[in-house]
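File shown: protein_28.txt. Contents: compact mmCIF, C-alpha atoms.
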```
# COMPACT_ATOMS: atom_id res chain seq x y z
CA ALA A 1 -4.28 3.59 34.61
CA ALA A 2 -5.97 5.51 31.75
CA GLY A 3 -9.37 5.59 33.38
CA GLY A 4 -9.55 1.81 33.35
CA SER A 5 -7.48 -1.34 33.44
CA GLY A 6 -4.78 -0.16 31.05
CA TRP A 7 -2.91 2.75 29.50
CA ASP A 8 -0.65 3.29 32.48
CA PHE A 9 1.68 6.28 32.11
CA GLU A 10 3.97 6.95 35.04
CA GLN A 11 1.10 6.11 37.39
CA GLU A 12 -0.76 9.28 36.41
CA SER A 13 -4.54 9.02 36.73
CA TRP A 14 -5.69 9.81 33.24
CA LEU A 15 -8.66 12.20 33.05
CA ALA A 16 -8.90 12.35 36.83
CA GLY A 17 -6.41 14.96 38.05
CA GLY A 18 -6.88 17.83 35.63
CA ARG A 19 -3.17 17.91 34.82
CA GLU A 20 -3.27 16.34 31.34
CA CYS A 21 -2.38 19.62 29.64
CA ASP A 22 1.02 19.51 31.39
CA TRP A 23 1.97 16.16 29.86
CA GLU A 24 4.52 16.27 27.07
CA PHE A 25 2.44 14.19 24.68
CA VAL A 26 -0.77 16.25 25.14
CA GLU A 27 -1.63 19.56 23.52
CA CYS A 28 -4.49 21.67 24.81
CA LEU A 29 -6.34 24.74 23.63
CA GLY A 30 -8.33 26.75 26.14
CA GLY A 31 -8.02 23.91 28.64
CA ASP A 32 -9.42 21.32 26.21
CA VAL A 33 -7.31 18.40 25.01
CA ILE A 34 -7.01 18.64 21.22
CA GLU A 35 -4.01 16.38 20.53
CA ILE A 36 -2.58 13.20 22.05
CA LYS A 37 0.64 12.17 20.34
CA ALA A 38 1.77 9.05 22.16
CA ALA A 39 3.53 6.93 19.54
CA LYS A 40 6.08 4.43 20.87
CA LYS A 41 5.33 5.08 24.54
CA ARG A 42 5.18 1.35 25.43
CA TRP A 43 1.61 1.81 26.62
CA ASP A 44 -0.39 -1.35 27.10
CA GLY A 45 -3.93 -2.12 28.12
CA THR A 46 -7.17 -1.09 26.46
CA LEU A 47 -8.42 2.23 25.13
CA PRO A 48 -10.49 3.56 28.05
CA SER A 49 -14.14 4.46 27.59
CA GLU A 50 -13.38 7.90 29.04
CA ILE A 51 -11.72 8.76 25.74
CA GLY A 52 -15.18 9.84 24.60
CA LEU A 53 -15.07 12.75 27.08
CA LEU A 54 -12.40 14.49 24.99
CA SER A 55 -14.97 16.08 22.72
CA ASN A 56 -12.49 18.53 21.15
CA LEU A 57 -9.86 15.93 20.30
CA LYS A 58 -8.51 16.29 16.75
CA ILE A 59 -5.41 14.08 16.77
CA LEU A 60 -4.96 10.71 18.51
CA ASP A 61 -1.69 8.94 17.73
CA LEU A 62 -1.08 5.62 19.49
CA THR A 63 1.25 4.13 16.88
CA GLU A 64 3.50 1.24 17.94
CA ASN A 65 2.43 0.61 21.48
CA GLU A 66 1.19 -2.62 23.06
CA MET A 67 -2.48 -1.79 23.35
CA PHE A 68 -5.23 -4.34 22.73
CA GLY A 69 -8.95 -4.95 22.88
CA ASN A 70 -11.93 -3.39 21.10
CA ILE A 71 -12.47 0.26 20.32
CA PRO A 72 -15.02 1.49 22.92
CA LYS A 73 -18.38 2.84 21.73
CA SER A 74 -17.62 6.17 23.37
CA PHE A 75 -14.76 6.70 20.93
CA PHE A 76 -17.27 7.44 18.18
CA LYS A 77 -18.40 10.57 20.05
CA LEU A 78 -15.18 12.25 18.92
CA THR A 79 -16.79 13.92 15.93
CA LEU A 80 -14.03 16.53 15.57
CA LEU A 81 -11.33 13.87 15.23
CA GLU A 82 -9.20 14.36 12.09
CA HIS A 83 -6.26 11.99 12.59
CA PHE A 84 -6.43 8.56 14.26
CA ARG A 85 -3.23 6.52 14.09
CA MET A 86 -3.04 3.19 15.90
CA SER A 87 -0.81 1.06 13.67
CA GLY A 88 1.40 -1.55 15.30
CA ASN A 89 -0.76 -2.50 18.28
CA LYS A 90 -2.97 -5.49 19.09
CA PHE A 91 -6.42 -3.96 18.78
CA ASN A 92 -9.09 -6.40 17.62
CA GLY A 93 -12.78 -6.76 16.97
CA THR A 94 -14.70 -5.46 13.97
CA ILE A 95 -14.78 -2.00 12.39
CA SER A 96 -18.00 -0.52 13.79
CA GLU A 97 -20.70 1.09 11.64
CA GLN A 98 -20.39 3.96 14.10
CA ILE A 99 -17.22 5.03 12.33
CA GLY A 100 -19.49 6.82 9.88
CA LYS A 101 -20.04 9.50 12.55
CA LEU A 102 -16.40 10.61 12.30
CA THR A 103 -16.90 12.61 9.12
CA ASN A 104 -13.95 14.92 9.81
CA LEU A 105 -11.44 12.06 9.66
CA GLU A 106 -8.60 12.68 7.23
CA ASN A 107 -6.23 9.94 8.37
CA LEU A 108 -7.24 6.50 9.65
CA GLU A 109 -4.22 4.26 10.11
CA VAL A 110 -4.76 0.86 11.75
CA TYR A 111 -1.98 -1.11 9.99
CA GLY A 112 -0.77 -4.24 11.75
CA ASN A 113 -3.54 -4.92 14.27
CA ASP A 114 -6.03 -7.78 14.47
CA PHE A 115 -9.28 -6.29 13.22
CA SER A 116 -11.52 -8.81 11.49
CA GLY A 117 -14.89 -9.14 9.79
CA ILE A 118 -16.53 -7.30 6.92
CA PRO A 119 -15.76 -3.58 6.55
CA PRO A 120 -18.89 -1.46 7.13
CA PHE A 121 -20.72 0.49 4.44
CA ALA A 122 -20.41 3.51 6.75
CA LEU A 123 -16.86 3.99 5.43
CA SER A 124 -18.51 5.60 2.42
CA LEU A 125 -19.43 8.59 4.63
CA LEU A 126 -15.78 9.48 5.32
CA THR A 127 -15.38 11.73 2.29
CA ASN A 128 -12.56 13.86 3.79
CA MET A 129 -10.18 10.91 4.01
CA ALA A 130 -6.62 11.41 2.74
CA THR A 131 -5.01 8.26 4.18
CA LEU A 132 -6.87 4.99 4.76
CA ASP A 133 -4.58 2.22 5.97
CA PHE A 134 -6.12 -1.12 6.98
CA GLY A 135 -3.04 -3.12 5.97
CA TYR A 136 -2.24 -6.44 7.66
CA ASN A 137 -5.40 -7.06 9.62
CA ARG A 138 -7.92 -9.87 9.03
CA LEU A 139 -10.66 -8.01 7.19
CA GLU A 140 -12.68 -9.88 4.58
CA GLY A 141 -15.35 -9.29 1.98
CA ARG A 142 -15.94 -6.24 -0.19
CA ILE A 143 -14.63 -2.77 0.55
CA LEU A 144 -13.56 -0.97 -2.64
CA ASP A 145 -17.10 0.05 -3.64
CA TYR A 146 -17.39 1.98 -0.36
CA LEU A 147 -14.38 4.16 -1.10
CA THR A 148 -15.24 5.77 -4.42
CA LYS A 149 -16.44 9.05 -2.84
CA MET A 150 -13.17 9.63 -1.00
CA VAL A 151 -12.08 12.16 -3.60
CA HIS A 152 -9.31 13.56 -1.36
CA LEU A 153 -7.72 10.14 -0.86
CA GLU A 154 -3.95 10.08 -1.36
CA ARG A 155 -2.97 6.74 0.17
CA LEU A 156 -5.11 3.60 0.13
CA ILE A 157 -3.43 0.64 1.83
CA LEU A 158 -5.38 -2.61 2.20
CA GLN A 159 -2.52 -5.07 1.75
CA GLY A 160 -2.09 -8.32 3.62
CA ASN A 161 -5.67 -8.93 4.77
CA GLU A 162 -5.77 -12.01 2.51
CA LYS A 163 -9.57 -12.25 2.18
CA LEU A 164 -10.68 -8.86 0.91
CA ARG A 165 -12.35 -9.43 -2.45
CA GLY A 166 -14.33 -7.86 -5.26
CA SER A 167 -13.24 -6.01 -8.38
CA ILE A 168 -11.65 -2.58 -8.74
CA PRO A 169 -14.60 -0.32 -9.61
CA ASN A 170 -14.59 2.02 -12.61
CA GLU A 171 -15.66 4.75 -10.18
CA PHE A 172 -12.08 4.83 -8.92
CA ASP A 173 -11.52 7.37 -11.70
CA ALA A 174 -12.77 9.97 -9.16
CA LEU A 175 -9.74 9.36 -6.90
CA THR A 176 -7.51 11.69 -8.86
CA ASN A 177 -5.38 12.62 -5.82
CA LEU A 178 -4.35 9.02 -5.17
CA GLU A 179 -0.58 8.57 -4.87
CA ARG A 180 -0.34 5.06 -3.46
CA LEU A 181 -2.67 2.13 -4.14
CA SER A 182 -1.59 -1.01 -2.26
CA LEU A 183 -4.00 -3.94 -2.48
CA HIS A 184 -1.59 -6.86 -2.48
CA VAL A 185 -2.09 -10.24 -0.79
CA ASN A 186 -5.88 -10.34 -1.04
CA GLU A 187 -8.50 -11.96 -3.28
CA PHE A 188 -9.36 -9.06 -5.58
CA SER A 189 -10.46 -10.31 -9.00
CA GLY A 190 -11.66 -9.12 -12.38
CA SER A 191 -9.66 -6.96 -14.76
CA ILE A 192 -7.44 -3.97 -14.08
CA PRO A 193 -9.78 -1.18 -15.21
CA PRO A 194 -8.42 1.27 -17.81
CA VAL A 195 -9.68 4.15 -15.61
CA LEU A 196 -6.64 3.65 -13.36
CA GLY A 197 -4.77 5.42 -16.14
CA LYS A 198 -6.53 8.61 -15.05
CA LEU A 199 -4.89 8.52 -11.61
CA THR A 200 -1.86 10.43 -12.80
CA GLN A 201 -0.62 11.26 -9.28
CA LEU A 202 0.12 7.59 -8.57
CA THR A 203 3.69 6.76 -7.59
CA THR A 204 3.01 3.19 -6.39
CA LEU A 205 0.56 0.74 -7.99
CA ASP A 206 0.77 -2.49 -6.00
CA LEU A 207 -1.82 -5.11 -7.03
CA ARG A 208 0.35 -8.20 -6.61
CA ASN A 209 -0.78 -11.55 -5.26
CA ASN A 210 -4.47 -11.32 -6.08
CA ALA A 211 -6.65 -13.02 -8.72
CA LEU A 212 -6.70 -10.25 -11.32
CA SER A 213 -7.17 -11.41 -14.89
CA SER A 214 -7.38 -10.13 -18.48
CA SER A 215 -4.71 -7.90 -20.02
CA ILE A 216 -2.74 -4.96 -18.65
CA PRO A 217 -4.56 -1.88 -19.99
CA THR A 218 -2.59 0.37 -22.33
CA ASP A 219 -3.90 3.39 -20.36
CA ILE A 220 -1.42 2.50 -17.65
CA GLY A 221 1.17 4.30 -19.76
CA ASN A 222 -0.42 7.60 -18.66
CA LEU A 223 0.97 7.14 -15.15
CA ASP A 224 4.09 9.17 -15.81
CA ARG A 225 4.84 9.69 -12.08
CA LEU A 226 4.80 6.00 -11.23
CA TRP A 227 7.87 4.55 -9.50
CA GLN A 228 6.68 1.02 -8.81
CA LEU A 229 4.49 -1.18 -11.02
CA LEU A 230 3.85 -4.37 -9.04
CA LEU A 231 1.43 -6.80 -10.72
CA GLN A 232 3.06 -10.17 -10.04
CA GLU A 233 1.26 -13.31 -8.91
CA ASN A 234 -2.03 -12.69 -10.67
CA GLU A 235 -3.68 -14.28 -13.71
CA LEU A 236 -2.91 -11.57 -16.24
CA THR A 237 -2.82 -12.44 -19.94
CA GLY A 238 -1.91 -10.74 -23.19
CA THR A 239 1.21 -8.76 -23.99
CA ILE A 240 3.22 -6.22 -22.02
CA PRO A 241 1.92 -2.88 -23.36
CA THR A 242 4.49 -0.80 -25.19
CA GLU A 243 2.99 2.25 -23.49
CA ILE A 244 5.01 1.32 -20.39
CA GLY A 245 7.92 2.94 -22.23
CA ARG A 246 6.35 6.35 -21.50
CA MET A 247 6.65 5.86 -17.73
CA LYS A 248 10.06 7.47 -17.35
CA LYS A 249 10.18 7.46 -13.54
CA LEU A 250 9.75 3.71 -13.11
CA ASP A 251 12.24 2.09 -10.74
CA ILE A 252 10.56 -1.33 -10.57
CA ILE A 253 8.55 -3.39 -13.05
CA HIS A 254 7.44 -6.67 -11.50
CA LEU A 255 5.12 -8.76 -13.68
CA ALA A 256 6.28 -12.26 -12.72
CA ASP A 257 4.05 -15.31 -12.29
CA ASN A 258 1.28 -14.37 -14.70
CA ASN A 259 0.31 -15.67 -18.14
CA LEU A 260 1.80 -12.88 -20.23
CA ASN A 261 2.92 -13.64 -23.79
CA GLY A 262 4.53 -11.85 -26.71
CA THR A 263 7.90 -10.15 -26.64
CA ILE A 264 9.62 -7.88 -24.14
CA PRO A 265 8.97 -4.34 -25.46
CA THR A 266 12.10 -2.59 -26.67
CA PHE A 267 10.77 0.67 -25.21
CA ILE A 268 11.61 -0.59 -21.73
CA GLY A 269 15.20 0.15 -22.69
CA GLN A 270 14.32 3.87 -22.53
CA LEU A 271 13.45 3.77 -18.82
CA SER A 272 16.77 5.14 -17.62
CA ARG A 273 15.85 4.96 -13.90
CA LEU A 274 14.82 1.30 -13.98
CA GLU A 275 16.48 -0.85 -11.30
CA GLN A 276 14.40 -4.03 -11.38
CA LEU A 277 12.78 -5.80 -14.33
CA ILE A 278 11.25 -9.04 -13.08
CA LEU A 279 9.35 -11.12 -15.64
CA TYR A 280 9.89 -14.77 -14.68
CA ASP A 281 7.18 -17.44 -14.91
CA ASN A 282 5.31 -16.13 -17.95
CA ALA A 283 5.13 -17.24 -21.58
CA LEU A 284 7.24 -14.50 -23.15
CA THR A 285 8.89 -15.25 -26.50
CA GLY A 286 11.52 -13.76 -28.79
CA THR A 287 14.91 -12.41 -27.81
CA ILE A 288 16.04 -10.18 -24.97
CA PRO A 289 16.02 -6.62 -26.40
CA THR A 290 19.47 -5.17 -26.87
CA GLN A 291 18.12 -1.90 -25.50
CA LEU A 292 18.08 -3.37 -21.98
CA GLY A 293 21.85 -3.13 -22.02
CA ASN A 294 21.48 0.67 -22.02
CA LEU A 295 19.83 0.80 -18.59
CA PRO A 296 22.56 2.28 -16.36
CA HIS A 297 20.89 1.49 -13.03
CA LEU A 298 19.52 -1.98 -13.79
CA ARG A 299 20.26 -4.18 -10.77
CA ASP A 300 17.90 -7.17 -11.10
CA LEU A 301 16.85 -8.81 -14.38
CA LEU A 302 14.93 -12.05 -13.80
CA LEU A 303 13.64 -13.71 -16.98
CA GLN A 304 13.61 -17.41 -16.15
CA ARG A 305 10.85 -19.85 -17.06
CA ASN A 306 9.76 -18.10 -20.24
CA ASP A 307 10.31 -19.07 -23.89
CA LEU A 308 13.03 -16.57 -24.73
CA VAL A 309 15.72 -17.54 -27.26
CA GLY A 310 18.94 -16.24 -28.75
CA PRO A 311 22.05 -14.66 -27.23
CA GLU A 312 21.89 -12.16 -24.39
CA PRO A 313 22.73 -8.56 -25.33
CA LYS A 314 26.39 -7.71 -24.91
CA GLY A 315 25.38 -4.54 -23.07
CA LEU A 316 24.00 -6.66 -20.22
CA CYS A 317 27.32 -8.41 -19.88
CA LYS A 318 29.01 -5.02 -19.59
CA LEU A 319 26.64 -4.12 -16.79
CA ARG A 320 27.61 -7.37 -15.05
CA THR A 321 31.29 -6.61 -15.52
CA HIS A 322 30.87 -3.20 -13.92
CA PHE A 323 28.93 -4.74 -11.01
CA THR A 324 25.80 -2.71 -11.74
CA LEU A 325 23.67 -5.70 -12.74
CA LYS A 326 23.76 -7.87 -9.61
CA ASN A 327 21.20 -10.54 -10.60
CA PHE A 328 20.65 -11.69 -14.17
CA VAL A 329 18.79 -15.01 -14.30
CA ALA A 330 17.57 -16.74 -17.45
CA ASP A 331 17.02 -20.18 -19.00
CA CYS A 332 20.43 -21.27 -20.22
CA LEU A 333 19.10 -24.20 -22.26
CA GLU A 334 17.21 -21.85 -24.56
CA LEU A 335 19.49 -18.83 -24.37
CA ASP A 336 23.11 -18.46 -25.41
CA CYS A 337 23.95 -16.83 -22.12
CA ASP A 338 27.56 -16.13 -21.13
CA CYS A 339 26.99 -13.76 -18.21
CA CYS A 340 23.66 -14.79 -16.71
CA SER A 341 22.90 -17.20 -13.92
CA CYS A 342 21.02 -20.28 -15.02
CA SER A 343 17.62 -21.00 -13.50
CA LEU A 344 16.96 -24.41 -12.01
```
With the file now loaded, output its structure as structure tokens.
Amino acid sequence: AAGGSGWDFEQESWLAGGRECDWEFVECLGGDVIEIKAAKKRWDGTLPSEIGLLSNLKILDLTENEMFGNIPKSFFKLTLLEHFRMSGNKFNGTISEQIGKLTNLENLEVYGNDFSGIPPFALSLLTNMATLDFGYNRLEGRILDYLTKMVHLERLILQGNEKLRGSIPNEFDALTNLERLSLHVNEFSGSIPPVLGKLTQLTTLDLRNNALSSSIPTDIGNLDRLWQLLLQENELTGTIPTEIGRMKKLDIIHLADNNLNGTIPTFIGQLSRLEQLILYDNALTGTIPTQLGNLPHLRDLLLQRNDLVGPEPKGLCKLRTHFTLKNFVADCLELDCDCCSCSL
């Protein structure tokens, strides 16, 4: 039992018999354990305090086991640790201020556990971080201001905590390596800062289900590598910026359940890779652009509960006929719609 009450692996006595370097999931260098890659081993129990004896450990991967309990204080002696993955377990407690000692960390992945409380300011010391994933825990309070010095950050995943709050700081313009920003299902507020338009490596911008307000900044059109633009279920106002038409790699535009007005930009019809255009529950006006009928991969077009008028473009009906457009929903009372499904 892993030096304690848990972490049983074939009844081996972890850290007691000197045979760890022979185990398939352990890698050693000069007799020192440097890697433990034990994802999906069905381990249960707690992380033993003896883990702190592995002073040369660089990689600890416990992903998708059945482990639980707090992270022991001794863990924070592992100052050479670069990768710590523990997603899909049942660890709990708070994120300790001691985490600031692990300045070599590049990947910290704790998705889908039960950590709670306010994230510590000490996160600001982890400037080598490339992946920070706290998704689907129970963290609350402010965190984004602590992350602005993580200039190597590529993936920031905070989704599903529900009570993380604060605004997106302008200092995020320093995170120029960021590829994925996932903040959904929290209480982030304020406007979407125009500086996000400087993060040109982004492929996913997921800010849905927060309390973001004001307009969508035109600078967002600079994100020419973006695949997914997910801003639904906020309090956004103003028009859909025409600059979105420059984002040629977009697969998904989801802006539903906001307070957007104006017309649907015709430039969206130039996004040849677009598969989903979801705009329901806004205050959009005018007609459906004929250019949308030119989108060869469009699968879902949801426009209901807006103030759109006029006939639907014939090109959309052709897409329905050829079974490309699977879901086309609109308000039939306002639209002359022969090939759409009528919203309730």
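Considering only C-alpha atoms, the residue among A:Leu108, A:Leu292, A:Leu271, A:Cys339 positioned nearest to A:Ile157 is A:Leu108.
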Query raised in the report: atom CA of A:Glu275 and atom CA of A:Arg225, how far apart in Å?
Result: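 Calculated distance between atom CA of A:Arg225 and atom CA of A:Glu275 is 15.7 Å.
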Requested in this report: Please provide the set of residues having any atom within 9 Å of A:Ser182, restricted to only C-alpha atoms, with same-chain residues fewer than 5 positions apart removed, written as a ChimeraX atom specification.
Outcome: /A:135,155-159,204-208
Query - Non-local contacts of stretch 320-326 of chain A (9 Å; all atoms listed in the file; under 3 positions in same chain excluded) as a ChimeraX atom specification - result: /A:275,296-301,315-317,339-340
Query - Shell around A:Leu303 at 6 Å using only C-alpha atoms, local window under 3 positions removed, as a ChimeraX atom specification - result: /A:279-280,329-330
Requested in this report: Could you tell me which of A:His152, A:His83, A:Lys37, A:Lys77 comes closest to A:Leu178 if we count only C-alpha atoms?
Outcome: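 With only C-alpha atoms as the atom set, the closest residue is A:His152.
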Query raised in the report: Neighbours of A:Ser55 within 8 Å (only C-alpha atoms; same-chain residues fewer than 6 positions away dropped), as a ChimeraX atom specification?
Result: /A:77-80
Query raised in the report: Excluding same-chain residues fewer than 3 positions from A:Leu62, what lies within 9 Å of it counting only C-alpha atoms, as a PyMOL selection string?
Result: chain A and resi 36-41+43+65+67+84-89
**Report entry** Between atom CA of A:Glu312 and atom CA of A:Ile288, distance in Å (one decimal)
**Finding:** 6.2 Å
